[in-house]
Each structure stands twice: as C-alpha cells, then as structure tokens.
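The file start10.cif contains mmCIF, C-alpha atoms:
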```cif
data_model
#
loop_
_atom_site.group_PDB
_atom_site.id
_atom_site.type_symbol
_atom_site.label_atom_id
_atom_site.label_comp_id
_atom_site.auth_asym_id
_atom_site.auth_seq_id
_atom_site.Cartn_x
_atom_site.Cartn_y
_atom_site.Cartn_z
ATOM 1 C CA MET A 14 -16.045 -18.447 12.875
ATOM 2 C CA GLU A 15 -16.932 -21.560 10.936
ATOM 3 C CA ASN A 16 -16.712 -21.420 7.189
ATOM 4 C CA ASP A 17 -20.253 -22.718 6.561
ATOM 5 C CA ARG A 18 -20.887 -19.527 4.583
ATOM 6 C CA LYS A 19 -18.334 -20.420 1.922
ATOM 7 C CA TRP A 20 -19.366 -20.008 -1.726
ATOM 8 C CA LYS A 21 -18.741 -22.465 -4.566
ATOM 9 C CA THR A 22 -16.945 -21.470 -7.736
ATOM 10 C CA VAL A 23 -18.618 -22.747 -10.896
ATOM 11 C CA SER A 24 -16.264 -21.127 -13.411
ATOM 12 C CA GLN A 25 -13.568 -18.496 -13.756
ATOM 13 C CA LYS A 26 -12.542 -16.497 -16.811
ATOM 14 C CA TYR A 27 -9.840 -13.826 -17.079
ATOM 15 C CA VAL A 28 -11.160 -10.701 -18.787
ATOM 16 C CA VAL A 29 -7.857 -8.800 -18.339
ATOM 17 C CA ASN A 30 -4.529 -10.518 -17.734
ATOM 18 C CA THR A 31 -1.456 -8.288 -17.359
ATOM 19 C CA PRO A 32 1.576 -8.405 -15.049
ATOM 20 C CA PHE A 33 0.039 -5.660 -12.881
ATOM 21 C CA ILE A 34 -3.641 -6.635 -12.782
ATOM 22 C CA LYS A 35 -5.778 -9.589 -13.601
ATOM 23 C CA LEU A 36 -9.531 -9.067 -13.778
ATOM 24 C CA ARG A 37 -11.433 -12.292 -13.314
ATOM 25 C CA LYS A 38 -15.109 -12.940 -13.967
ATOM 26 C CA ASP A 39 -16.433 -15.747 -11.782
ATOM 27 C CA VAL A 40 -19.712 -17.601 -11.772
ATOM 28 C CA CYS A 41 -20.388 -18.660 -8.202
ATOM 29 C CA ILE A 42 -23.080 -20.101 -5.957
ATOM 30 C CA THR A 43 -23.588 -18.524 -2.542
ATOM 31 C CA ASP A 44 -24.156 -20.464 0.663
ATOM 32 C CA GLU A 45 -27.887 -19.755 0.166
ATOM 33 C CA GLN A 46 -27.725 -21.320 -3.326
ATOM 34 C CA ASP A 47 -28.047 -18.020 -5.202
ATOM 35 C CA VAL A 48 -26.187 -18.024 -8.522
ATOM 36 C CA ILE A 49 -24.058 -14.959 -9.315
ATOM 37 C CA ASN A 50 -23.121 -14.994 -12.980
ATOM 38 C CA ASP A 51 -20.747 -12.036 -13.033
ATOM 39 C CA TYR A 52 -18.713 -11.610 -9.856
ATOM 40 C CA TYR A 53 -15.651 -9.569 -10.855
ATOM 41 C CA ILE A 54 -12.443 -9.972 -8.868
ATOM 42 C CA CYS A 55 -9.234 -7.941 -9.224
ATOM 43 C CA GLU A 56 -6.045 -9.919 -8.718
ATOM 44 C CA PHE A 57 -3.280 -7.437 -7.977
ATOM 45 C CA PRO A 58 0.184 -8.327 -6.681
ATOM 46 C CA ASN A 59 0.618 -7.580 -2.984
ATOM 47 C CA TRP A 60 1.716 -4.039 -2.191
ATOM 48 C CA VAL A 61 4.059 -2.525 0.383
ATOM 49 C CA ASN A 62 4.245 0.934 1.853
ATOM 50 C CA VAL A 63 6.829 2.564 4.091
ATOM 51 C CA VAL A 64 6.707 5.291 6.703
ATOM 52 C CA ALA A 65 10.322 6.465 6.546
ATOM 53 C CA MET A 66 11.742 8.680 9.313
ATOM 54 C CA THR A 67 14.999 10.593 9.370
ATOM 55 C CA PRO A 68 17.144 10.808 12.522
ATOM 56 C CA GLN A 69 15.515 14.252 13.003
ATOM 57 C CA ASN A 70 12.041 12.595 13.114
ATOM 58 C CA GLU A 71 10.984 13.997 9.768
ATOM 59 C CA VAL A 72 8.918 11.709 7.549
ATOM 60 C CA ILE A 73 9.813 11.191 3.901
ATOM 61 C CA LEU A 74 6.838 11.465 1.587
ATOM 62 C CA VAL A 75 6.515 11.378 -2.172
ATOM 63 C CA ARG A 76 4.813 13.952 -4.363
ATOM 64 C CA GLU A 77 3.783 12.463 -7.678
ATOM 65 C CA TYR A 78 1.290 13.167 -10.443
ATOM 66 C CA ARG A 79 -1.431 10.514 -10.476
ATOM 67 C CA TYR A 80 -3.118 10.086 -13.834
ATOM 68 C CA PRO A 81 -6.363 8.405 -12.600
ATOM 69 C CA ILE A 82 -7.211 11.398 -10.384
ATOM 70 C CA ASP A 83 -5.475 13.959 -12.649
ATOM 71 C CA GLU A 84 -3.606 15.689 -9.848
ATOM 72 C CA ASP A 85 -0.484 15.563 -7.736
ATOM 73 C CA ALA A 86 -0.727 13.383 -4.665
ATOM 74 C CA ILE A 87 1.397 13.267 -1.530
ATOM 75 C CA ALA A 88 1.836 9.785 -0.125
ATOM 76 C CA ILE A 89 4.336 7.545 1.561
ATOM 77 C CA PRO A 90 6.654 5.450 -0.649
ATOM 78 C CA ALA A 91 4.792 2.384 -1.908
ATOM 79 C CA GLY A 92 4.661 -0.171 -4.664
ATOM 80 C CA LYS A 93 4.119 -3.765 -5.626
ATOM 81 C CA VAL A 94 5.977 -6.808 -4.380
ATOM 82 C CA GLU A 95 7.875 -8.400 -7.271
ATOM 83 C CA ASN A 96 7.739 -12.175 -7.914
ATOM 84 C CA GLY A 97 10.040 -14.008 -5.508
ATOM 85 C CA GLU A 98 10.609 -10.931 -3.348
ATOM 86 C CA ASN A 99 9.715 -10.800 0.337
ATOM 87 C CA GLU A 100 7.739 -7.848 1.603
ATOM 88 C CA SER A 101 10.443 -6.173 3.699
ATOM 89 C CA ASP A 102 12.892 -6.317 0.776
ATOM 90 C CA ALA A 103 10.192 -4.824 -1.465
ATOM 91 C CA ALA A 104 9.678 -2.025 1.071
ATOM 92 C CA ALA A 105 13.412 -1.220 1.088
ATOM 93 C CA ARG A 106 13.534 -1.306 -2.714
ATOM 94 C CA GLU A 107 10.496 0.965 -3.124
ATOM 95 C CA LEU A 108 11.857 3.434 -0.557
ATOM 96 C CA LYS A 109 15.158 3.733 -2.413
ATOM 97 C CA GLU A 110 13.580 3.804 -5.904
ATOM 98 C CA GLU A 111 11.032 6.491 -5.090
ATOM 99 C CA THR A 112 13.054 8.688 -2.727
ATOM 100 C CA GLY A 113 16.742 7.735 -2.824
ATOM 101 C CA PHE A 114 16.593 7.087 0.954
ATOM 102 C CA CYS A 115 17.862 3.959 2.742
ATOM 103 C CA THR A 116 18.423 2.786 6.284
ATOM 104 C CA LYS A 117 20.805 0.365 7.944
ATOM 105 C CA ASP A 118 18.143 -0.393 10.579
ATOM 106 C CA ASP A 119 15.678 -3.251 10.277
ATOM 107 C CA PHE A 120 12.278 -2.404 8.863
ATOM 108 C CA ILE A 121 9.547 -2.591 11.512
ATOM 109 C CA PHE A 122 6.433 -4.465 10.398
ATOM 110 C CA LEU A 123 3.279 -2.543 11.338
ATOM 111 C CA GLY A 124 0.656 -4.826 9.786
ATOM 112 C CA SER A 125 -0.894 -6.253 6.638
ATOM 113 C CA PHE A 126 -4.386 -5.558 5.365
ATOM 114 C CA TYR A 127 -6.602 -6.647 2.489
ATOM 115 C CA THR A 128 -6.985 -3.748 0.088
ATOM 116 C CA ASN A 129 -10.666 -4.482 -0.600
ATOM 117 C CA ALA A 130 -11.986 -7.903 0.440
ATOM 118 C CA ALA A 131 -15.174 -7.363 -1.586
ATOM 119 C CA ASN A 132 -13.438 -7.547 -4.953
ATOM 120 C CA ALA A 133 -9.642 -7.804 -4.656
ATOM 121 C CA THR A 134 -7.291 -10.557 -3.506
ATOM 122 C CA ASN A 135 -4.180 -8.593 -2.521
ATOM 123 C CA LYS A 136 -2.845 -7.189 0.714
ATOM 124 C CA VAL A 137 -0.808 -4.120 1.566
ATOM 125 C CA PHE A 138 2.125 -4.695 3.968
ATOM 126 C CA THR A 139 3.029 -1.653 6.039
ATOM 127 C CA TYR A 140 6.484 -0.920 7.445
ATOM 128 C CA LEU A 141 8.277 1.727 9.473
ATOM 129 C CA ALA A 142 11.875 2.569 8.536
ATOM 130 C CA THR A 143 13.869 4.678 10.992
ATOM 131 C CA ASN A 144 17.110 6.630 10.639
ATOM 132 C CA VAL A 145 16.766 6.896 6.865
ATOM 133 C CA GLU A 146 19.333 8.901 4.928
ATOM 134 C CA GLN A 147 19.437 9.997 1.320
ATOM 135 C CA VAL A 148 22.023 7.995 -0.614
ATOM 136 C CA ALA A 149 20.856 8.626 -4.193
ATOM 137 C CA ASP A 150 18.387 10.512 -6.324
ATOM 138 C CA PRO A 151 14.977 8.917 -6.909
ATOM 139 C CA GLU A 152 15.023 6.528 -9.850
ATOM 140 C CA LYS A 153 13.287 7.612 -13.032
ATOM 141 C CA ALA A 154 10.682 5.119 -14.241
ATOM 142 C CA VAL A 155 8.257 5.448 -17.125
ATOM 143 C CA GLY A 156 5.142 7.223 -15.878
ATOM 144 C CA GLU A 157 6.685 8.039 -12.505
ATOM 145 C CA LYS A 158 8.243 11.378 -11.682
ATOM 146 C CA THR A 159 8.604 11.474 -7.926
ATOM 147 C CA GLU A 160 9.781 14.220 -5.638
ATOM 148 C CA ALA A 161 10.842 13.300 -2.102
ATOM 149 C CA LYS A 162 9.447 15.654 0.517
ATOM 150 C CA LYS A 163 10.230 15.886 4.249
ATOM 151 C CA MET A 164 7.433 16.690 6.687
ATOM 152 C CA THR A 165 7.194 16.872 10.459
ATOM 153 C CA TRP A 166 4.505 14.903 12.278
ATOM 154 C CA GLU A 167 2.680 18.168 12.961
ATOM 155 C CA GLU A 168 2.712 19.040 9.250
ATOM 156 C CA ILE A 169 1.469 15.541 8.419
ATOM 157 C CA GLU A 170 -1.443 15.860 10.830
ATOM 158 C CA LYS A 171 -2.459 19.166 9.233
ATOM 159 C CA ALA A 172 -2.060 17.698 5.730
ATOM 160 C CA ILE A 173 -4.342 14.774 6.605
ATOM 161 C CA GLU A 174 -6.931 17.104 8.168
ATOM 162 C CA SER A 175 -6.883 19.394 5.112
ATOM 163 C CA GLY A 176 -7.056 16.522 2.615
ATOM 164 C CA THR A 177 -3.597 17.203 1.185
ATOM 165 C CA ILE A 178 -2.602 13.655 2.164
ATOM 166 C CA ASN A 179 -5.681 11.746 1.063
ATOM 167 C CA GLN A 180 -4.738 8.208 0.060
ATOM 168 C CA VAL A 181 -6.211 5.755 2.534
ATOM 169 C CA PHE A 182 -3.206 3.429 2.760
ATOM 170 C CA SER A 183 -0.858 6.336 3.436
ATOM 171 C CA VAL A 184 -3.132 7.752 6.117
ATOM 172 C CA LEU A 185 -3.517 4.327 7.747
ATOM 173 C CA ALA A 186 0.240 3.676 7.671
ATOM 174 C CA LEU A 187 1.043 7.100 9.130
ATOM 175 C CA LYS A 188 -1.455 6.563 11.953
ATOM 176 C CA LEU A 189 -0.059 3.076 12.648
ATOM 177 C CA ALA A 190 3.488 4.439 12.760
ATOM 178 C CA GLU A 191 2.456 7.307 15.017
ATOM 179 C CA GLU A 192 0.780 4.850 17.418
ATOM 180 C CA TYR A 193 3.803 2.514 17.341
ATOM 181 C CA LEU A 194 6.151 5.405 18.182
ATOM 182 C CA ARG A 195 3.854 6.646 20.946
ATOM 183 C CA LYS A 196 3.790 3.187 22.572
ATOM 184 C CA LYS A 197 7.572 2.866 22.209
ATOM 185 C CA GLU A 198 8.055 6.120 24.157
ATOM 186 C CA ARG A 199 6.200 4.769 27.178
#
```
What's the structure tokens form of this structure?
Amino acid sequence: MENDRKWKTVSQKYVVNTPFIKLRKDVCITDEQDVINDYYICEFPNWVNVVAMTPQNEVILVREYRYPIDEDAIAIPAGKVENGENESDAAARELKEETGFCTKDDFIFLGSFYTNAANATNKVFTYLATNVEQVADPEKAVGEKTEAKKMTWEEIEKAIESGTINQVFSVLALKLAEEYLRKKER
C-alpha cells in the first residue's frame, strides 16, 4: 500500500513526560487537509510477555492486584523493555523477576504487535519459554506483589472462557503459544 495517506505533523508538545509514559499532543494535517488540533499519542516503552511452560506442560501465570481495575488479575509474565535491552533478554528478565522461573532453552519468538495503533507507538513482543524451572522467589518491587501460579492448558481454556484470564495480550499470547505447539506436534 502506498503511503499517499500520510499525515503532516505541524507541532508536538509533551503533556506528560515520565520514564514509563509520555503523552504527546500533536497538531496535524490529514491527507484530506483537515486540521486536527489535539491528537493525543501515548509513547510507552515496548513491552514483552512470556508464555512459560514447565517440563510437565503446565503454564506459569502471575496473580497480581491491579490498581486501575481494583482487582486481582491473572496474566502471563510481562513488562517493559529497558533502554538498551533486547526483547528476548527482557522476556527472560521479566519471567525471573515476576515468577522466579528460568529456562536454559532459547526463547521462541511468537510475534510482535502494536498495542493500539490509533493512539500508542509501542509494540508488545510475545515469547514462548519451555522447560522452565523455579530457581528463586519472585522479586519484590514497589507496587508489585506477584504470586506465580501453575495451570494446565485445560484450566487456561476454562479461565479464558469464564473471564478469569481477561487481559487481551495474555489471551493472545496463550492462543499463539497453543497454536505454535499444535503445529509443532504435527
């Protein structure tokens, strides 16, 4: 597809500028010459998430209280990519920090996806880690109190259907991993 629909940026101003999020207010002109005076864009660091499987084919998930939704959530280990860090190293770091699990196997890249192309610039990079083993306790970070939880694929399917696992990037990653494993069995 040709990029004849590209917009022009007239100005940019940061409304919020922190290490975790930058909120930018742009003035832009569309390809049809319409002026948009307040297009807000979130600049997050890229994220990673990991579907981690034990040698017994159990998946390691994380239960954690999430302040924005005011409830516990069950999700796969995930977090931001630090400056200068590659995505697979970030995935290994997040897995160990949040669960205490590691693997000696290579991480399998399942895909990368924009988190919301309408108003955010970052991507989430999804990995599968196999043969993970617990080598430590989860690390304690301010605002994070995680509990590692093992689930079978059958339990995961039921948890997705019931809404117990309800974060879109976790659901997507679990489905991608399930499809990867199914194809590998053929």
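Residues matching the PyMOL selection byres ((chain A and resi 100) around 9) in this structure come to Asn59, Trp60, Val61, Val94, Glu95, Glu98, Asn99, Ser101, Asp102, Ala103, Ala104, Ala105, Phe138 and Thr139 of chain A.
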Length of the CA of Ala65 in chain A to CA of Thr177 in chain A vector [Å]: 18.4 Å
Between A:Val72, A:Lys158, A:Asp83, A:Gln180, smallest distance to Glu111 in chain A by only C-alpha atoms belongs to A:Lys158
Please enumerate the residues selected by the PyMOL selection byres ((chain A and resi 136) around 8) when evaluated against the supplied file, formatted as a list in words. Asn59, Trp60, Ser125, Phe126, Tyr127, Thr128, Thr134, Asn135, Val137 and Phe138 of chain A
Given the PyMOL selection byres ((chain A and resi 48) around 12) and the file above, list the residues it selects as an NGL selection string. :A and (20-24 or 39-47 or 49-52)
Selected residue, from A:Cys115, A:Asn132, A:Met164, A:Ala91, that lies nearest to Lys38 in chain A when counting all atoms listed in the file: A:Asn132
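A straight line drawn from CA of Glu110 in chain A to CA of Gly92 in chain A is 9.8 Å long.
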Which of these residues is nearest to Asn62 in chain A, using all atoms listed in the file: A:Asp85, A:Asn129, A:Tyr140, A:Val145? A:Tyr140
Just to confirm, what's the straight-line distance from CA of Ala131 in chain A to CA of Leu189 in chain A in Å (one decimal)? 23.2 Å
Could you pull the residues within 9 Å of Phe33 in chain A, counting all atoms listed in the file, minus those fewer than 6 positions along the same chain, as a VMD selection string? chain A and resid 56 to 58 93
Can you tell me which residues surround Arg37 in chain A at a distance of at most 7 Å, considering only C-alpha atoms, apart from same-chain residues fewer than 3 positions away, and format the answer as a PDB file with C-alpha atoms, in the frame of the given file?
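After the write, selection30.pdb holds the following:
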```
ATOM      1  CA  GLN A  25     -13.568 -18.496 -13.756  1.00  0.00           C
ATOM      2  CA  LYS A  26     -12.542 -16.497 -16.811  1.00  0.00           C
ATOM      3  CA  TYR A  27      -9.840 -13.826 -17.079  1.00  0.00           C
ATOM      4  CA  VAL A  28     -11.160 -10.701 -18.787  1.00  0.00           C
ATOM      5  CA  TYR A  53     -15.651  -9.569 -10.855  1.00  0.00           C
ATOM      6  CA  ILE A  54     -12.443  -9.972  -8.868  1.00  0.00           C
ATOM      7  CA  CYS A  55      -9.234  -7.941  -9.224  1.00  0.00           C
TER       8      CYS A  55
END
```
Neighbours of point (2.2, 16.7, 12.4) within 12 Å, using all atoms listed in the file, written as a PDB file with C-alpha atoms, in the frame of the given file:
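Output (part38.pdb):
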```pdb
ATOM      1  CA  ASN A  70      12.041  12.595  13.114  1.00  0.00           C
ATOM      2  CA  GLU A  71      10.984  13.997   9.768  1.00  0.00           C
ATOM      3  CA  VAL A  72       8.918  11.709   7.549  1.00  0.00           C
ATOM      4  CA  LYS A 163      10.230  15.886   4.249  1.00  0.00           C
ATOM      5  CA  MET A 164       7.433  16.690   6.687  1.00  0.00           C
ATOM      6  CA  THR A 165       7.194  16.872  10.459  1.00  0.00           C
ATOM      7  CA  TRP A 166       4.505  14.903  12.278  1.00  0.00           C
ATOM      8  CA  GLU A 167       2.680  18.168  12.961  1.00  0.00           C
ATOM      9  CA  GLU A 168       2.712  19.040   9.250  1.00  0.00           C
ATOM     10  CA  ILE A 169       1.469  15.541   8.419  1.00  0.00           C
ATOM     11  CA  GLU A 170      -1.443  15.860  10.830  1.00  0.00           C
ATOM     12  CA  LYS A 171      -2.459  19.166   9.233  1.00  0.00           C
ATOM     13  CA  ALA A 172      -2.060  17.698   5.730  1.00  0.00           C
ATOM     14  CA  ILE A 173      -4.342  14.774   6.605  1.00  0.00           C
ATOM     15  CA  GLU A 174      -6.931  17.104   8.168  1.00  0.00           C
ATOM     16  CA  SER A 175      -6.883  19.394   5.112  1.00  0.00           C
ATOM     17  CA  ILE A 178      -2.602  13.655   2.164  1.00  0.00           C
ATOM     18  CA  LEU A 187       1.043   7.100   9.130  1.00  0.00           C
ATOM     19  CA  LYS A 188      -1.455   6.563  11.953  1.00  0.00           C
ATOM     20  CA  GLU A 191       2.456   7.307  15.017  1.00  0.00           C
TER      21      GLU A 191
END
```
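Of the listed residues A:Val63, A:Ala154, A:Val29, A:Leu36, the one whose atoms come nearest to Arg106 in chain A is A:Val63, with distances taken using all atoms listed in the file.
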Asp118 in chain A environment, 8 Å, only C-alpha atoms, sequence neighbours closer than 3 positions dropped, as an MDAnalysis selection string: chainID A and resid 142:144
Using only C-alpha atoms, the residue out of A:Asp17, A:Lys35, A:Ile87, A:Arg79 with shortest distance to Val181 in chain A is A:Ile87
Pick the closest to Leu194 in chain A from A:Val75, A:Ile34, A:Ala86, A:Leu123: which is it, counting only C-alpha atoms? A:Leu123
With all heavy atoms as the target, complete range 179-190 of chain A and hand it back as a tab-separated table (two decimals), in the frame of the given file.
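Result file follows (out.tsv):
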```tsv
chain	number	residue	atom	x	y	z
A	179	ASN	N	-4.32	12.27	1.13
A	179	ASN	CA	-5.68	11.75	1.06
A	179	ASN	C	-5.79	10.32	0.52
A	179	ASN	O	-6.87	9.90	0.12
A	179	ASN	CB	-6.55	12.69	0.23
A	179	ASN	CG	-6.04	12.88	-1.18
A	179	ASN	OD1	-5.14	12.16	-1.62
A	179	ASN	ND2	-6.61	13.83	-1.89
A	180	GLN	N	-4.68	9.60	0.49
A	180	GLN	CA	-4.74	8.21	0.06
A	180	GLN	C	-4.84	7.33	1.31
A	180	GLN	O	-4.01	7.41	2.21
A	180	GLN	CB	-3.51	7.86	-0.77
A	180	GLN	CG	-3.47	8.62	-2.08
A	180	GLN	CD	-2.30	8.24	-2.93
A	180	GLN	OE1	-2.12	7.07	-3.27
A	180	GLN	NE2	-1.48	9.22	-3.28
A	181	VAL	N	-5.85	6.49	1.33
A	181	VAL	CA	-6.21	5.76	2.53
A	181	VAL	C	-5.05	4.92	3.09
A	181	VAL	O	-4.85	4.89	4.31
A	181	VAL	CB	-7.48	4.89	2.32
A	181	VAL	CG1	-7.23	3.76	1.35
A	181	VAL	CG2	-8.01	4.37	3.64
A	182	PHE	N	-4.28	4.27	2.23
A	182	PHE	CA	-3.21	3.43	2.76
A	182	PHE	C	-2.07	4.25	3.35
A	182	PHE	O	-1.40	3.81	4.27
A	182	PHE	CB	-2.71	2.45	1.70
A	182	PHE	CG	-3.77	1.47	1.30
A	182	PHE	CD1	-4.24	1.42	0.01
A	182	PHE	CD2	-4.33	0.61	2.23
A	182	PHE	CE1	-5.24	0.53	-0.36
A	182	PHE	CE2	-5.33	-0.28	1.89
A	182	PHE	CZ	-5.79	-0.32	0.59
A	183	SER	N	-1.85	5.44	2.83
A	183	SER	CA	-0.86	6.34	3.44
A	183	SER	C	-1.34	6.83	4.79
A	183	SER	O	-0.58	6.84	5.76
A	183	SER	CB	-0.57	7.53	2.52
A	183	SER	OG	0.20	7.14	1.42
A	184	VAL	N	-2.59	7.25	4.85
A	184	VAL	CA	-3.13	7.75	6.12
A	184	VAL	C	-3.09	6.65	7.17
A	184	VAL	O	-2.65	6.87	8.31
A	184	VAL	CB	-4.56	8.31	5.93
A	184	VAL	CG1	-5.19	8.66	7.28
A	184	VAL	CG2	-4.55	9.51	5.00
A	185	LEU	N	-3.54	5.45	6.81
A	185	LEU	CA	-3.52	4.33	7.75
A	185	LEU	C	-2.10	4.05	8.23
A	185	LEU	O	-1.85	3.91	9.43
A	185	LEU	CB	-4.10	3.08	7.10
A	185	LEU	CG	-3.98	1.78	7.92
A	185	LEU	CD1	-4.74	1.88	9.23
A	185	LEU	CD2	-4.44	0.59	7.09
A	186	ALA	N	-1.15	3.98	7.30
A	186	ALA	CA	0.24	3.68	7.67
A	186	ALA	C	0.82	4.75	8.58
A	186	ALA	O	1.50	4.44	9.57
A	186	ALA	CB	1.10	3.54	6.42
A	187	LEU	N	0.54	6.00	8.29
A	187	LEU	CA	1.04	7.10	9.13
A	187	LEU	C	0.45	7.01	10.53
A	187	LEU	O	1.16	7.20	11.53
A	187	LEU	CB	0.73	8.45	8.48
A	187	LEU	CG	1.57	8.76	7.23
A	187	LEU	CD1	0.92	9.86	6.40
A	187	LEU	CD2	3.00	9.11	7.61
A	188	LYS	N	-0.81	6.70	10.64
A	188	LYS	CA	-1.46	6.56	11.95
A	188	LYS	C	-0.90	5.35	12.70
A	188	LYS	O	-0.68	5.42	13.92
A	188	LYS	CB	-2.98	6.46	11.81
A	188	LYS	CG	-3.63	7.73	11.27
A	188	LYS	CD	-3.45	8.88	12.24
A	188	LYS	CE	-4.17	10.13	11.79
A	188	LYS	NZ	-3.99	11.25	12.71
A	189	LEU	N	-0.66	4.26	12.00
A	189	LEU	CA	-0.06	3.08	12.65
A	189	LEU	C	1.35	3.39	13.16
A	189	LEU	O	1.72	2.98	14.27
A	189	LEU	CB	-0.01	1.90	11.67
A	189	LEU	CG	-1.33	1.23	11.34
A	189	LEU	CD1	-1.15	0.26	10.18
A	189	LEU	CD2	-1.89	0.51	12.56
A	190	ALA	N	2.13	4.08	12.36
A	190	ALA	CA	3.49	4.44	12.76
A	190	ALA	C	3.46	5.38	13.96
A	190	ALA	O	4.24	5.21	14.91
A	190	ALA	CB	4.23	5.08	11.59
```
